[in-house]
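What follows is data-v1.cif (mmCIF, C-alpha atoms and all ligand atoms).
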data_final
loop_
_atom_site.label_atom_id
_atom_site.label_comp_id
_atom_site.auth_asym_id
_atom_site.auth_seq_id
_atom_site.Cartn_x
_atom_site.Cartn_y
_atom_site.Cartn_z
CA MET B 1 102.86 52.43 19.86
CA ALA B 2 102.93 49.11 21.69
CA GLY B 3 99.38 48.20 22.58
CA ALA B 4 98.54 46.43 25.83
CA ALA B 5 96.38 43.35 26.35
CA LEU B 6 93.09 43.97 28.16
CA ALA B 7 91.38 41.21 30.11
CA VAL B 8 88.02 41.73 31.77
CA THR B 9 87.01 38.56 33.61
CA GLY B 10 83.68 37.83 35.28
CA ALA B 11 82.96 41.54 35.76
CA SER B 12 79.67 42.51 37.39
CA ARG B 13 78.26 45.82 38.55
CA ALA B 14 74.79 46.44 39.92
CA PHE B 15 72.88 49.63 40.71
CA GLY B 16 70.22 49.34 43.40
CA GLY B 17 70.24 45.55 43.13
CA VAL B 18 69.82 45.55 39.35
CA TYR B 19 72.75 44.32 37.27
CA ALA B 20 73.97 46.79 34.63
CA VAL B 21 76.86 44.43 33.77
CA ARG B 22 76.73 40.77 34.74
CA ASP B 23 79.59 38.27 34.59
CA VAL B 24 81.19 39.84 31.53
CA ASP B 25 84.36 38.43 29.96
CA LEU B 26 86.16 40.56 27.41
CA HIS B 27 89.68 39.74 26.26
CA VAL B 28 91.31 42.15 23.83
CA ALA B 29 94.66 41.25 22.26
CA PRO B 30 97.48 43.81 21.90
CA GLY B 31 96.89 45.92 18.79
CA GLU B 32 93.28 44.85 18.39
CA LEU B 33 90.42 47.22 17.65
CA ARG B 34 87.44 45.91 19.59
CA ALA B 35 83.96 47.35 19.38
CA VAL B 36 81.29 46.90 22.04
CA ILE B 37 77.74 47.30 20.79
CA GLY B 38 74.28 46.62 22.18
CA PRO B 39 70.82 48.13 22.42
CA ASN B 40 69.98 50.97 24.85
CA GLY B 41 70.59 50.01 28.46
CA ALA B 42 72.70 46.96 27.49
CA GLY B 43 75.49 47.97 29.88
CA LYS B 44 77.99 49.44 27.41
CA SER B 45 78.67 52.65 29.34
CA THR B 46 78.95 50.76 32.61
CA LEU B 47 81.47 48.31 31.16
CA PHE B 48 83.41 51.24 29.67
CA ALA B 49 83.55 52.91 33.10
CA LEU B 50 84.73 49.67 34.75
CA ILE B 51 87.71 49.64 32.36
CA GLY B 52 88.44 53.38 32.45
CA GLY B 53 88.18 53.56 36.23
CA GLN B 54 85.13 55.77 36.67
CA LEU B 55 83.47 52.78 38.36
CA ALA B 56 84.79 49.74 40.26
CA PRO B 57 83.27 46.30 39.67
CA ASP B 58 81.29 44.54 42.43
CA ALA B 59 82.89 41.28 41.28
CA GLY B 60 85.44 40.18 38.70
CA SER B 61 88.68 41.74 37.51
CA VAL B 62 90.15 44.08 34.92
CA GLU B 63 93.77 43.48 33.91
CA LEU B 64 96.14 45.42 31.70
CA ASP B 65 99.00 43.23 30.48
CA GLY B 66 98.29 40.89 33.38
CA VAL B 67 98.28 43.64 36.05
CA ARG B 68 95.05 44.15 37.96
CA ILE B 69 93.75 47.68 37.61
CA ASP B 70 90.13 47.38 38.73
CA ARG B 71 90.77 48.88 42.18
CA LEU B 72 92.83 51.79 40.85
CA ALA B 73 91.46 55.30 40.44
CA ALA B 74 91.12 56.58 36.87
CA HIS B 75 94.22 58.82 37.09
CA ARG B 76 96.37 55.87 38.20
CA ARG B 77 95.08 53.79 35.27
CA SER B 78 95.95 56.71 33.02
CA ARG B 79 99.57 56.55 34.19
CA LEU B 80 99.62 52.88 33.29
CA GLY B 81 98.60 53.77 29.75
CA VAL B 82 94.79 53.75 29.73
CA ALA B 83 93.44 56.81 27.90
CA VAL B 84 89.74 57.66 27.73
CA VAL B 85 87.89 59.77 25.17
CA PHE B 86 84.45 60.59 26.53
CA GLN B 87 81.45 61.29 24.38
CA ALA B 88 80.81 64.69 25.93
CA ALA B 89 83.63 67.07 25.11
CA ARG B 90 85.81 67.80 28.13
CA ILE B 91 88.01 70.71 27.28
CA PHE B 92 89.83 73.25 29.40
CA HIS B 93 88.44 76.70 28.72
CA GLY B 94 90.94 79.53 28.66
CA LEU B 95 93.66 77.26 27.24
CA THR B 96 94.56 76.99 23.56
CA ALA B 97 93.99 73.80 21.61
CA LEU B 98 97.74 73.09 21.85
CA GLU B 99 97.77 73.57 25.63
CA ASN B 100 94.71 71.33 25.94
CA VAL B 101 96.59 68.56 24.16
CA MET B 102 99.77 69.09 26.22
CA VAL B 103 97.73 68.44 29.38
CA GLY B 104 97.35 64.86 28.09
CA ALA B 105 101.07 64.24 28.30
CA HIS B 106 101.34 65.85 31.74
CA SER B 107 98.53 63.82 33.23
CA ALA B 108 100.08 60.60 31.92
CA THR B 109 103.43 61.30 33.61
CA ARG B 110 103.88 62.32 37.20
CA ALA B 111 107.52 63.27 36.68
CA GLY B 112 106.44 66.20 34.52
CA PHE B 113 104.87 67.98 37.47
CA VAL B 114 107.80 67.43 39.85
CA ALA B 115 110.47 68.54 37.38
CA GLY B 116 108.26 71.48 36.43
CA ALA B 117 107.84 72.64 40.01
CA LEU B 118 111.62 72.49 40.56
CA ARG B 119 112.31 74.19 37.18
CA LEU B 120 114.92 71.60 36.28
CA PRO B 121 116.68 71.90 32.89
CA ALA B 122 115.29 68.49 32.06
CA HIS B 123 111.86 70.02 32.52
CA HIS B 124 112.43 72.56 29.71
CA ARG B 125 113.63 69.81 27.41
CA ALA B 126 110.65 67.66 28.36
CA GLU B 127 108.30 70.60 27.75
CA ARG B 128 109.72 71.10 24.26
CA GLU B 129 109.31 67.42 23.54
CA ILE B 130 105.76 67.42 24.82
CA GLN B 131 104.94 70.47 22.72
CA ALA B 132 106.36 68.81 19.61
CA ARG B 133 104.37 65.70 20.32
CA ALA B 134 101.20 67.72 20.97
CA LEU B 135 101.63 69.46 17.60
CA GLU B 136 102.00 66.04 15.96
CA CYS B 137 98.82 64.83 17.63
CA LEU B 138 96.96 67.96 16.51
CA ALA B 139 98.12 67.35 12.94
CA LEU B 140 97.12 63.69 13.15
CA THR B 141 93.60 64.62 14.21
CA GLY B 142 93.25 67.35 11.56
CA LEU B 143 93.55 70.23 14.04
CA ALA B 144 96.92 71.73 13.06
CA ASP B 145 95.30 75.04 12.06
CA TRP B 146 93.59 75.39 15.43
CA ALA B 147 96.72 75.01 17.61
CA CYS B 148 96.82 78.58 18.92
CA ARG B 149 93.06 79.19 19.09
CA PRO B 150 91.18 79.04 22.41
CA ALA B 151 89.80 75.51 22.73
CA GLU B 152 86.28 76.78 23.39
CA ASP B 153 86.19 78.37 19.91
CA LEU B 154 86.40 74.94 18.25
CA PRO B 155 83.20 73.49 16.73
CA LEU B 156 81.86 70.35 18.43
CA GLY B 157 83.37 67.89 15.96
CA GLN B 158 86.78 69.47 16.48
CA GLN B 159 86.38 69.47 20.26
CA ARG B 160 85.90 65.69 20.06
CA ALA B 161 89.02 65.44 17.88
CA LEU B 162 90.84 67.58 20.44
CA GLN B 163 90.10 65.05 23.16
CA LEU B 164 91.41 62.31 20.95
CA ALA B 165 94.58 64.33 20.32
CA ARG B 166 94.96 64.85 24.08
CA ALA B 167 94.53 61.13 24.75
CA LEU B 168 97.15 60.27 22.10
CA CYS B 169 99.63 62.82 23.49
CA GLY B 170 99.93 60.68 26.64
CA GLU B 171 101.19 57.82 24.43
CA PRO B 172 98.57 55.35 25.67
CA ARG B 173 98.73 51.58 25.38
CA LEU B 174 94.94 51.21 25.54
CA LEU B 175 92.60 53.80 24.08
CA LEU B 176 88.95 53.76 25.18
CA LEU B 177 86.48 55.65 23.01
CA ASP B 178 82.89 56.29 24.07
CA GLU B 179 80.67 56.67 21.00
CA PRO B 180 83.30 58.59 19.05
CA ALA B 181 81.14 58.87 15.91
CA SER B 182 78.01 60.26 17.55
CA GLY B 183 76.98 63.72 16.40
CA LEU B 184 79.68 63.90 13.71
CA ARG B 185 78.90 64.91 10.12
CA ALA B 186 79.59 62.43 7.31
CA GLY B 187 82.97 63.97 6.41
CA GLU B 188 84.10 64.08 10.05
CA ARG B 189 82.97 60.48 10.49
CA GLU B 190 85.02 59.41 7.49
CA HIS B 191 88.06 61.23 8.84
CA LEU B 192 87.62 59.55 12.22
CA ALA B 193 87.33 56.11 10.60
CA GLU B 194 90.58 56.71 8.70
CA LEU B 195 92.32 57.93 11.83
CA LEU B 196 91.21 54.89 13.87
CA ALA B 197 92.34 52.58 11.07
CA SER B 198 95.76 54.23 11.02
CA LEU B 199 96.08 54.02 14.83
CA ARG B 200 95.21 50.36 14.55
CA ARG B 201 97.99 49.86 12.02
CA SER B 202 100.39 51.52 14.47
CA GLY B 203 99.67 48.77 17.01
CA LEU B 204 97.59 50.65 19.59
CA THR B 205 94.93 48.57 21.39
CA MET B 206 91.52 50.24 21.15
CA LEU B 207 88.11 49.58 22.58
CA LEU B 208 85.19 51.55 21.30
CA VAL B 209 81.62 51.63 22.49
CA GLU B 210 79.39 52.67 19.65
CA HIS B 211 75.73 53.04 18.77
CA ASP B 212 76.41 53.22 15.05
CA VAL B 213 76.66 49.54 14.14
CA ALA B 214 77.56 50.24 10.49
CA PHE B 215 80.49 52.39 11.63
CA VAL B 216 82.05 49.59 13.68
CA MET B 217 81.27 46.77 11.24
CA ARG B 218 83.89 48.00 8.79
CA LEU B 219 86.50 49.02 11.39
CA ALA B 220 86.59 46.49 14.21
CA ASP B 221 88.62 43.28 14.32
CA GLN B 222 86.19 41.78 16.80
CA ILE B 223 82.81 42.88 18.11
CA THR B 224 81.34 42.10 21.53
CA VAL B 225 77.57 42.41 21.81
CA LEU B 226 75.94 43.14 25.15
CA ASP B 227 72.27 42.79 25.96
CA LEU B 228 70.77 43.29 29.42
CA GLY B 229 74.27 43.38 30.93
CA ARG B 230 75.48 40.09 29.48
CA VAL B 231 77.66 39.21 26.50
CA ILE B 232 75.36 37.57 23.94
CA ALA B 233 77.90 37.33 21.10
CA ALA B 234 81.56 38.01 20.34
CA GLY B 235 83.52 37.49 17.15
CA PRO B 236 84.48 39.01 13.81
CA PRO B 237 81.96 41.49 12.31
CA ALA B 238 80.55 39.14 9.66
CA GLU B 239 79.89 36.43 12.23
CA VAL B 240 78.26 38.82 14.71
CA ARG B 241 76.08 40.37 12.02
CA ALA B 242 74.65 36.94 11.15
CA ASN B 243 74.09 35.86 14.77
CA PRO B 244 70.35 35.24 15.38
CA GLU B 245 70.56 36.35 19.04
CA VAL B 246 72.10 39.65 17.99
CA ILE B 247 69.46 40.20 15.34
CA ALA B 248 66.73 39.41 17.87
CA ALA B 249 68.21 41.80 20.49
CA TYR B 250 68.28 44.67 17.99
CA LEU B 251 64.83 43.93 16.56
CA GLY B 252 63.48 43.70 20.10
CA ALA B 253 65.05 47.06 20.90
CA SER B 254 63.51 48.84 17.92
CA ALA B 255 60.07 47.18 18.21
N1 LIG I 301 74.56 55.33 37.89
C1 LIG I 301 73.52 54.52 37.68
N2 LIG I 301 72.54 54.40 38.59
C2 LIG I 301 71.50 53.56 38.40
N3 LIG I 301 71.34 52.80 37.31
C3 LIG I 301 72.28 52.88 36.35
C4 LIG I 301 73.41 53.74 36.48
N4 LIG I 301 74.19 53.60 35.36
C5 LIG I 301 73.54 52.70 34.58
N5 LIG I 301 72.41 52.27 35.16
C6 LIG I 301 71.48 51.27 34.62
O1 LIG I 301 72.24 50.18 34.16
C7 LIG I 301 71.75 49.69 32.92
C8 LIG I 301 72.85 49.74 31.87
O2 LIG I 301 73.13 51.11 31.57
P1 LIG I 301 74.30 51.59 30.62
O3 LIG I 301 74.24 53.07 30.59
O4 LIG I 301 75.56 50.95 31.04
O5 LIG I 301 73.84 50.99 29.23
P2 LIG I 301 74.23 51.45 27.76
O6 LIG I 301 74.31 50.21 26.96
O7 LIG I 301 75.42 52.33 27.80
O8 LIG I 301 72.97 52.28 27.31
P3 LIG I 301 72.85 53.49 26.25
O9 LIG I 301 73.14 52.89 24.92
O10 LIG I 301 71.41 53.88 26.39
O11 LIG I 301 73.83 54.53 26.68
C9 LIG I 301 70.54 50.53 32.58
O12 LIG I 301 69.38 49.84 33.00
C10 LIG I 301 70.74 51.78 33.40
O13 LIG I 301 69.51 52.35 33.75
#

Show me the file's structure as structure tokens.
Amino acid sequence: MAGAALAVTGASRAFGGVYAVRDVDLHVAPGELRAVIGPNGAGKSTLFALIGGQLAPDAGSVELDGVRIDRLAAHRRSRLGVAVVFQAARIFHGLTALENVMVGAHSATRAGFVAGALRLPAHHRAEREIQARALECLALTGLADWACRPAEDLPLGQQRALQLARALCGEPRLLLLDEPASGLRAGEREHLAELLASLRRSGLTMLLVEHDVAFVMRLADQITVLDLGRVIAAGPPAEVRANPEVIAAYLGASA
């Protein structure tokens, strides 16, 4: 998997005149695992949405491998290789786990729909390839045994894994994860950490927004810390952990 470079430059977004994200720079190198942390209301979800395409910035830019994407709708960004795993499970009821994952490959390629509608031979071959890849992604995320079960039968932890499998099936170049560890049991959390580490070794660029600071400290290459919409620190985990401004922001948040 060849990861893309992500460059967010001078990004701002306000709601009702109040900045949720203000003049944020965030440069992620290809193959890097970047975590974004910060106390409640720091602007993490807003920044995530500016990159994924659920929101457009009021000012600034978002570039993927040097191509501006900040004015593109989320589905167009997805075709360029941006995959999003949301915190709340988004699954298609009435479809099996395997079919749910195959949707990820179809939404990342437009050609799939056209060839499918025309019933071209290439379509059948492509379908078989997509199915094989979907099965691989299910195995990778520990869901091989669930392939033929209705997706809504999966427990919550597995529904989250299913979204991750779906995102991977589209062969993304940038994977965005919104609080992937939240609500998971210790064993599931461990499995997720191992999976993210192995995706990182494969070269995929990842950005994860996370509440669980301990979880990201051992996984991330670099951590960006937001507070009140601004970047207050960025660097390797050990450096960020020792930063007095970061400590103050978190102590202030829990006081
Ligand atoms: N759609 C919206 N309308 C109005 N205000 C919003 C909206 N989205 C976010 N905000 C405000 O922007 C600020 C940043 O919110 P955001 O959700 O991005 O922070 P966060 O770091 O993700 O917080 P949390 O950790 O609590 O999820 C907050 O003050 C929030 O109330």

Kindly assemble as CSV a list of the chain B residues that lie within 7 Å of ligand LIG 301 (chain I), each paired with its nearest atom pair and their distance in Å to one decimal, using all atoms listed in the file, sorted first by chain and then by ascending residue number.
residue,atom,partner,partner_atom,distance
B:Phe15,CA,I:LIG301,C2,4.8
B:Gly16,CA,I:LIG301,C2,6.7
B:Tyr19,CA,I:LIG301,O1,6.7
B:Ala20,CA,I:LIG301,O1,3.8
B:Val21,CA,I:LIG301,C8,6.9
B:Gly38,CA,I:LIG301,O6,6.0
B:Pro39,CA,I:LIG301,O9,5.9
B:Asn40,CA,I:LIG301,O10,3.6
B:Gly41,CA,I:LIG301,O5,3.5
B:Ala42,CA,I:LIG301,O6,3.7
B:Gly43,CA,I:LIG301,O4,3.2
B:Lys44,CA,I:LIG301,O6,3.8
B:Ser45,CA,I:LIG301,O7,3.6
B:Thr46,CA,I:LIG301,O4,3.7
B:Leu47,CA,I:LIG301,O4,6.5
B:His211,CA,I:LIG301,O9,6.7
B:Gly229,CA,I:LIG301,C8,6.6

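The shortest atom-to-atom distance to Asp70 in chain B, with only C-alpha atoms taken into account, belongs to B:Gln54 out of B:Gln54, B:Gln222, B:Thr96, B:Gln159.
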
If you take only C-alpha atoms and a cut-off of 10 Å, which residues of range 53-138 of chain B touch range 26-32 of chain B, and what are their nearest atom pairs and distances in Å to one decimal, in chain and number order, as a Markdown table?
| residue | atom | partner | partner_atom | distance |
| --- | --- | --- | --- | --- |
| B:Val62 | CA | B:Leu26 | CA | 9.2 |
| B:Glu63 | CA | B:His27 | CA | 9.4 |
| B:Leu64 | CA | B:Val28 | CA | 9.8 |
| B:Asp65 | CA | B:Pro30 | CA | 8.7 |

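Candidate residues B:Leu228, B:Met102, B:Ala147, B:Leu80 were compared for distance to Glu129 in chain B, and the nearest is B:Met102, using all atoms listed in the file.
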
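When all atoms listed in the file are used to compute distances to Leu226 in chain B, the closest of the residues B:Ala249, B:Cys169, B:Leu208, B:Cys137 turns out to be B:Ala249.
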
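The coordinates place CA of Arg133 in chain B at 25.6 Å from CA of Gly187 in chain B.
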
Protein/DNA/RNA residues near (96.2, 53.8, 18.0), cut 8 Å, all atoms listed in the file, as a PyMOL selection string: chain B and resi 1+3+31+168+175+196+198-206

Selection above as a file: C-alpha atoms, as an mmCIF file, in the frame of the given file:
data_model
loop_
_atom_site.group_PDB
_atom_site.id
_atom_site.type_symbol
_atom_site.label_atom_id
_atom_site.label_comp_id
_atom_site.auth_asym_id
_atom_site.auth_seq_id
_atom_site.Cartn_x
_atom_site.Cartn_y
_atom_site.Cartn_z
ATOM 1 C CA MET B 1 102.860 52.430 19.860
ATOM 2 C CA GLY B 3 99.380 48.200 22.580
ATOM 3 C CA GLY B 31 96.890 45.920 18.790
ATOM 4 C CA LEU B 168 97.150 60.270 22.100
ATOM 5 C CA LEU B 175 92.600 53.800 24.080
ATOM 6 C CA LEU B 196 91.210 54.890 13.870
ATOM 7 C CA SER B 198 95.760 54.230 11.020
ATOM 8 C CA LEU B 199 96.080 54.020 14.830
ATOM 9 C CA ARG B 200 95.210 50.360 14.550
ATOM 10 C CA ARG B 201 97.990 49.860 12.020
ATOM 11 C CA SER B 202 100.390 51.520 14.470
ATOM 12 C CA GLY B 203 99.670 48.770 17.010
ATOM 13 C CA LEU B 204 97.590 50.650 19.590
ATOM 14 C CA THR B 205 94.930 48.570 21.390
ATOM 15 C CA MET B 206 91.520 50.240 21.150
#

Residue among B:Leu184, B:Val85, B:Leu176, B:Ala197 lying closest to Leu219 in chain B, counting all atoms listed in the file: B:Ala197

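Between CA of Ala193 in chain B and CA of Ala181 in chain B lies a distance of 8.6 Å.
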
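Between CA of Phe86 in chain B and CA of Ile51 in chain B lies a distance of 12.8 Å.
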
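Between Asn100 in chain B and the candidates B:Ala165, B:Ala139, B:Leu72, B:Ala49, the tightest atom-to-atom separation, counting only C-alpha atoms, involves B:Ala165.
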
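The smallest atom-to-atom distance between Pro150 in chain B and any of B:Leu95, B:Ile130, B:Val103, B:Val231, using only C-alpha atoms, is found for B:Leu95.
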
Within 10 Å of file point (89.7, 65.5, 23.6), counting only C-alpha atoms, expressed as a ChimeraX atom specification: /B:84-92,97,100-101,104,158-168

Write a file of the selected residues as a compact mmCIF listing (two decimals), in the coordinates of the input, keeping C-alpha atoms.
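Output below, filename part_36.txt:
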# COMPACT_ATOMS: atom_id res chain seq x y z
CA VAL B 84 89.74 57.66 27.73
CA VAL B 85 87.89 59.77 25.17
CA PHE B 86 84.45 60.59 26.53
CA GLN B 87 81.45 61.29 24.38
CA ALA B 88 80.81 64.69 25.93
CA ALA B 89 83.63 67.07 25.11
CA ARG B 90 85.81 67.80 28.13
CA ILE B 91 88.01 70.71 27.28
CA PHE B 92 89.83 73.25 29.40
CA ALA B 97 93.99 73.80 21.61
CA ASN B 100 94.71 71.33 25.94
CA VAL B 101 96.59 68.56 24.16
CA GLY B 104 97.35 64.86 28.09
CA GLN B 158 86.78 69.47 16.48
CA GLN B 159 86.38 69.47 20.26
CA ARG B 160 85.90 65.69 20.06
CA ALA B 161 89.02 65.44 17.88
CA LEU B 162 90.84 67.58 20.44
CA GLN B 163 90.10 65.05 23.16
CA LEU B 164 91.41 62.31 20.95
CA ALA B 165 94.58 64.33 20.32
CA ARG B 166 94.96 64.85 24.08
CA ALA B 167 94.53 61.13 24.75
CA LEU B 168 97.15 60.27 22.10

Near-Val216 in chain B list (10 Å; all atoms listed in the file; drop same-chain fewer than 2 positions) as an MDAnalysis selection string: chainID B and resid 33:37 181 193 208:214 218:223 237

Starting from the incomplete input, reconstruct N, CA and C atoms of range 139-164 of chain B and write that as a PDB file, in the coordinates of the input.
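The result, written out as part-v9.pdb:
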ATOM      1  N   ALA B 139      98.077  67.565  14.394  1.00  0.00           N
ATOM      2  CA  ALA B 139      98.120  67.350  12.940  1.00  0.00           C
ATOM      3  C   ALA B 139      97.426  66.034  12.584  1.00  0.00           C
ATOM      4  N   LEU B 140      97.698  65.016  13.384  1.00  0.00           N
ATOM      5  CA  LEU B 140      97.120  63.690  13.150  1.00  0.00           C
ATOM      6  C   LEU B 140      95.596  63.729  13.182  1.00  0.00           C
ATOM      7  N   THR B 141      95.055  64.559  14.059  1.00  0.00           N
ATOM      8  CA  THR B 141      93.600  64.620  14.210  1.00  0.00           C
ATOM      9  C   THR B 141      92.988  65.759  13.386  1.00  0.00           C
ATOM     10  N   GLY B 142      93.771  66.327  12.480  1.00  0.00           N
ATOM     11  CA  GLY B 142      93.250  67.350  11.560  1.00  0.00           C
ATOM     12  C   GLY B 142      93.062  68.707  12.204  1.00  0.00           C
ATOM     13  N   LEU B 143      93.766  68.975  13.302  1.00  0.00           N
ATOM     14  CA  LEU B 143      93.550  70.230  14.040  1.00  0.00           C
ATOM     15  C   LEU B 143      94.736  71.184  13.986  1.00  0.00           C
ATOM     16  N   ALA B 144      95.685  70.921  13.081  1.00  0.00           N
ATOM     17  CA  ALA B 144      96.920  71.730  13.060  1.00  0.00           C
ATOM     18  C   ALA B 144      96.607  73.225  13.011  1.00  0.00           C
ATOM     19  N   ASP B 145      95.592  73.611  12.230  1.00  0.00           N
ATOM     20  CA  ASP B 145      95.300  75.040  12.060  1.00  0.00           C
ATOM     21  C   ASP B 145      94.689  75.684  13.307  1.00  0.00           C
ATOM     22  N   TRP B 146      94.264  74.858  14.249  1.00  0.00           N
ATOM     23  CA  TRP B 146      93.590  75.390  15.430  1.00  0.00           C
ATOM     24  C   TRP B 146      94.547  75.531  16.621  1.00  0.00           C
ATOM     25  N   ALA B 147      95.797  75.145  16.472  1.00  0.00           N
ATOM     26  CA  ALA B 147      96.720  75.010  17.610  1.00  0.00           C
ATOM     27  C   ALA B 147      96.691  76.200  18.574  1.00  0.00           C
ATOM     28  N   CYS B 148      96.693  77.410  18.040  1.00  0.00           N
ATOM     29  CA  CYS B 148      96.820  78.580  18.920  1.00  0.00           C
ATOM     30  C   CYS B 148      95.481  79.238  19.244  1.00  0.00           C
ATOM     31  N   ARG B 149      94.389  78.618  18.806  1.00  0.00           N
ATOM     32  CA  ARG B 149      93.060  79.190  19.090  1.00  0.00           C
ATOM     33  C   ARG B 149      92.576  78.703  20.457  1.00  0.00           C
ATOM     34  N   PRO B 150      91.762  79.535  21.141  1.00  0.00           N
ATOM     35  CA  PRO B 150      91.180  79.040  22.410  1.00  0.00           C
ATOM     36  C   PRO B 150      90.338  77.799  22.124  1.00  0.00           C
ATOM     37  N   ALA B 151      90.473  76.799  22.982  1.00  0.00           N
ATOM     38  CA  ALA B 151      89.800  75.510  22.730  1.00  0.00           C
ATOM     39  C   ALA B 151      88.287  75.679  22.630  1.00  0.00           C
ATOM     40  N   GLU B 152      87.741  76.649  23.401  1.00  0.00           N
ATOM     41  CA  GLU B 152      86.280  76.780  23.390  1.00  0.00           C
ATOM     42  C   GLU B 152      85.740  77.341  22.074  1.00  0.00           C
ATOM     43  N   ASP B 153      86.631  77.865  21.223  1.00  0.00           N
ATOM     44  CA  ASP B 153      86.190  78.370  19.910  1.00  0.00           C
ATOM     45  C   ASP B 153      85.992  77.235  18.901  1.00  0.00           C
ATOM     46  N   LEU B 154      86.486  76.044  19.214  1.00  0.00           N
ATOM     47  CA  LEU B 154      86.400  74.940  18.250  1.00  0.00           C
ATOM     48  C   LEU B 154      84.961  74.431  18.134  1.00  0.00           C
ATOM     49  N   PRO B 155      84.512  74.121  16.893  1.00  0.00           N
ATOM     50  CA  PRO B 155      83.200  73.490  16.730  1.00  0.00           C
ATOM     51  C   PRO B 155      83.189  72.118  17.405  1.00  0.00           C
ATOM     52  N   LEU B 156      81.986  71.586  17.655  1.00  0.00           N
ATOM     53  CA  LEU B 156      81.860  70.350  18.430  1.00  0.00           C
ATOM     54  C   LEU B 156      82.686  69.192  17.885  1.00  0.00           C
ATOM     55  N   GLY B 157      82.627  68.996  16.565  1.00  0.00           N
ATOM     56  CA  GLY B 157      83.370  67.890  15.960  1.00  0.00           C
ATOM     57  C   GLY B 157      84.852  68.005  16.269  1.00  0.00           C
ATOM     58  N   GLN B 158      85.357  69.238  16.220  1.00  0.00           N
ATOM     59  CA  GLN B 158      86.780  69.470  16.480  1.00  0.00           C
ATOM     60  C   GLN B 158      87.108  69.335  17.962  1.00  0.00           C
ATOM     61  N   GLN B 159      86.129  69.646  18.827  1.00  0.00           N
ATOM     62  CA  GLN B 159      86.380  69.470  20.260  1.00  0.00           C
ATOM     63  C   GLN B 159      86.536  67.980  20.578  1.00  0.00           C
ATOM     64  N   ARG B 160      85.773  67.145  19.878  1.00  0.00           N
ATOM     65  CA  ARG B 160      85.900  65.690  20.060  1.00  0.00           C
ATOM     66  C   ARG B 160      87.292  65.257  19.587  1.00  0.00           C
ATOM     67  N   ALA B 161      87.694  65.779  18.417  1.00  0.00           N
ATOM     68  CA  ALA B 161      89.020  65.440  17.880  1.00  0.00           C
ATOM     69  C   ALA B 161      90.115  65.906  18.845  1.00  0.00           C
ATOM     70  N   LEU B 162      89.856  67.040  19.496  1.00  0.00           N
ATOM     71  CA  LEU B 162      90.840  67.580  20.440  1.00  0.00           C
ATOM     72  C   LEU B 162      91.051  66.624  21.622  1.00  0.00           C
ATOM     73  N   GLN B 163      89.970  66.030  22.069  1.00  0.00           N
ATOM     74  CA  GLN B 163      90.100  65.050  23.160  1.00  0.00           C
ATOM     75  C   GLN B 163      90.891  63.847  22.729  1.00  0.00           C
ATOM     76  N   LEU B 164      90.674  63.460  21.480  1.00  0.00           N
ATOM     77  CA  LEU B 164      91.410  62.310  20.950  1.00  0.00           C
ATOM     78  C   LEU B 164      92.897  62.659  20.870  1.00  0.00           C
TER      79      LEU B 164
END
